[in-house]
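The next block holds one structure in the form of structure tokens; read it before the comments.
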Amino acid sequence: MKLGFIGVGNLATVILKGVAASGKIPSSEIMIYDLNTERINALSVSLGVKTAGDAKQVAASCENVVIAVKPKDIASLIDNIKDEAKENNPLVISTAAGTQTEKLTALFGFDAKVVRIMPNINATVGESMTAVCGNENVTAENIEFALDFCSCFGKAVEIEEKYFSAFTAVAGSAPAFAYMFADALTQAAVKYGLPAKTSQDIAAQMLLGSAKTLLESPLPVSELIRNVCSPGGTTIEGVCSLKETGFENSVIRAIDKTVEKDRIMSQK
């Protein structure tokens with residue numbers, strides 16, 4: 001089997017559906033296992049993937065194994081499958097937050113090929129920004145597979161593991177900050193008489209278009225801001241107000257606090 005999933009919760013289900021929809025790996029070459037048998041049976045019917053009787057079967061028969069269980073459960077899971085994994089030596093792809101590749105490798109007890117990925121909530125709409133890193137045992141081909149795998153549900157970038165906390169803050173947590181910004185814009189529009197649903201749609205489309213421009217424009221962010229601000233116009237008034245009330249500092253401090261919390265959790 002080309003790909004296996006151990007744990008098919010909400011995030012893994014989204015990832016699985018993205019992979020199946022991409023057609024990069026035939027559904028007949030995907031095997032899944034979860035304690036929730038009703039879930040995996042339903043996914044087998046809807047996506048055409050195969051089900052396994054236990055986690056050991058996935059570890060023993062798949063070239064690439066996605067481990068998508070909660071961090072608190074990962075040690076016991078690996079202890080259960082490490083013998084099969086040692087014999088088969090698959091590429092192991094972990095989604096566990098705050099669990100470094102070094103720790104995962106140590107839990108396996110041999111030179112396992114381990115890749116850590118960090119998707120975000122936007123995988124639900126096929127627009128995740130996912131970080132990828134591997135331990136010293138992975139090959140360039142392994143990383144290429146992981147990046148291609150992650151491209152099935154958004155975009156992916158390979159970064160050093162020491163930057164994962166910063167990535168988690170900017171890509172993983174910041175969608176909540178973006179929703180807060182959209183909510184504030186919606187409230188402001190309602191204040192001036194626009195219906196709530198219309199206001200939210202306007203804010204959402206503005207964020208979508210702005211993100212697309214940011215991705216496709218060769219210009220730096222600072223110049224894009226200047227391009228919207230006509231001299232003596234309305235936008236520059238709002239920009240100056242945001243600077244006066246500490247908008248940028250507030251965002252940076254939110255990232256700082258998120259990084260700090262992630263590092264504390266990783267140490268635990």
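FYI, nothing fancy with the structure tokens labels: chains A, B, ... in order, residues from 1 per chain, ligands from 1 as they appear.
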
Please give the complete set of residues from segment 34-261 of chain A that DSSP, run on the backbone, assigns to strand (DSSP E or B), formatted as a PyMOL selection string.
chain A and resi 50-51+64-67+91-94+113-118+128-134+154-158

Show me, as a PyMOL selection string, the residues that have an atom within 12 Å of Ser173 of chain A when counting only C-alpha atoms, minus same-chain residues fewer than 4 positions from it.
chain A and resi 118-122+129+165-169+177-180+251+254-259+261-262

List every residue of segment 68-117 of chain A that DSSP, applied to the backbone, labels as alpha helix (DSSP H), and write the result as a PyMOL selection string.
chain A and resi 71-88+101-108

Residues of segment 140-229 of chain A that have any atom at most 9 Å from an atom of segment 14-28 of chain A: could you tabulate them with the shortest-distance atom pair and the distance in Å to one decimal, using only C-alpha atoms, ordered by chain and increasing number, as CSV?
```
residue,atom,partner,partner_atom,distance
A:Asp148,CA,A:Lys24,CA,8.7
A:Phe149,CA,A:Val19,CA,7.0
A:Cys150,CA,A:Ile15,CA,8.1
A:Ser151,CA,A:Val19,CA,8.7
A:Cys152,CA,A:Val19,CA,5.2
A:Phe153,CA,A:Gly18,CA,5.2
A:Gly154,CA,A:Gly18,CA,8.8
```

Kindly give the distance, in Å, that separates atom CA of Gln200 of chain A and atom CA of Ala184 of chain A, rounded to a single decimal.
9.6 Å

Name the closest residue to Val157 of chain A among the candidates A:Leu47, A:Ala196, A:Val170, A:Ile117; distances are taken between atoms, counting only C-alpha atoms.
A:Ile117

Close residues, segment 78-81 of chain A itself excluded, 8 Å, only C-alpha atoms, min 2 positions apart in chain, as JSON, numbers by chain
{"A": [55, 56, 59, 74, 75, 76, 83, 84, 85, 107, 108]}

Residues at most 10 Å from Met1 of chain A, counting only C-alpha atoms, excluding those fewer than 4 positions away in the same chain, as a PDB file with N, CA and C atoms, in the first residue's frame?
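Everything below was put into out_16.pdb:
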```
ATOM      1  N   PRO A  26      -3.965   6.634  -5.836  1.00  0.00           N
ATOM      2  CA  PRO A  26      -5.252   5.947  -6.019  1.00  0.00           C
ATOM      3  C   PRO A  26      -5.855   5.536  -4.678  1.00  0.00           C
ATOM      4  N   SER A  28      -7.407   3.010  -3.941  1.00  0.00           N
ATOM      5  CA  SER A  28      -7.156   1.591  -3.681  1.00  0.00           C
ATOM      6  C   SER A  28      -5.791   1.353  -3.053  1.00  0.00           C
ATOM      7  N   GLU A  29      -4.924   2.392  -3.070  1.00  0.00           N
ATOM      8  CA  GLU A  29      -3.591   2.292  -2.488  1.00  0.00           C
ATOM      9  C   GLU A  29      -3.498   2.995  -1.142  1.00  0.00           C
ATOM     10  N   ILE A  30      -4.666   3.338  -0.559  1.00  0.00           N
ATOM     11  CA  ILE A  30      -4.715   4.025   0.734  1.00  0.00           C
ATOM     12  C   ILE A  30      -5.408   3.130   1.757  1.00  0.00           C
ATOM     13  N   MET A  31      -4.789   2.979   2.922  1.00  0.00           N
ATOM     14  CA  MET A  31      -5.361   2.176   4.006  1.00  0.00           C
ATOM     15  C   MET A  31      -5.533   3.047   5.243  1.00  0.00           C
ATOM     16  N   LYS A  50      -9.133   1.454   1.654  1.00  0.00           N
ATOM     17  CA  LYS A  50      -9.201   0.196   2.379  1.00  0.00           C
ATOM     18  C   LYS A  50      -9.119   0.452   3.892  1.00  0.00           C
ATOM     19  N   VAL A  58      -1.308  -1.329   9.414  1.00  0.00           N
ATOM     20  CA  VAL A  58      -0.919  -0.145   8.632  1.00  0.00           C
ATOM     21  C   VAL A  58       0.592   0.007   8.642  1.00  0.00           C
ATOM     22  N   ALA A  60       2.829  -2.186   9.069  1.00  0.00           N
ATOM     23  CA  ALA A  60       3.513  -3.309   8.436  1.00  0.00           C
ATOM     24  C   ALA A  60       3.378  -3.323   6.917  1.00  0.00           C
ATOM     25  N   SER A  61       2.340  -2.655   6.383  1.00  0.00           N
ATOM     26  CA  SER A  61       2.048  -2.839   4.961  1.00  0.00           C
ATOM     27  C   SER A  61       2.071  -1.583   4.102  1.00  0.00           C
ATOM     28  N   CYS A  62       2.297  -0.403   4.708  1.00  0.00           N
ATOM     29  CA  CYS A  62       2.249   0.839   3.934  1.00  0.00           C
ATOM     30  C   CYS A  62       3.632   1.467   3.777  1.00  0.00           C
ATOM     31  N   GLU A  63       3.899   2.016   2.592  1.00  0.00           N
ATOM     32  CA  GLU A  63       5.179   2.676   2.326  1.00  0.00           C
ATOM     33  C   GLU A  63       5.308   3.987   3.104  1.00  0.00           C
ATOM     34  N   ASN A  64       4.185   4.672   3.265  1.00  0.00           N
ATOM     35  CA  ASN A  64       4.147   5.955   3.968  1.00  0.00           C
ATOM     36  C   ASN A  64       2.999   5.910   4.966  1.00  0.00           C
ATOM     37  N   VAL A  65       3.288   6.229   6.212  1.00  0.00           N
ATOM     38  CA  VAL A  65       2.287   6.122   7.276  1.00  0.00           C
ATOM     39  C   VAL A  65       2.081   7.465   7.950  1.00  0.00           C
TER      40      VAL A  65
END
```

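Atom to atom, atom CA of Ile67 of chain A and atom CA of Ile93 of chain A stand 6.0 Å apart.
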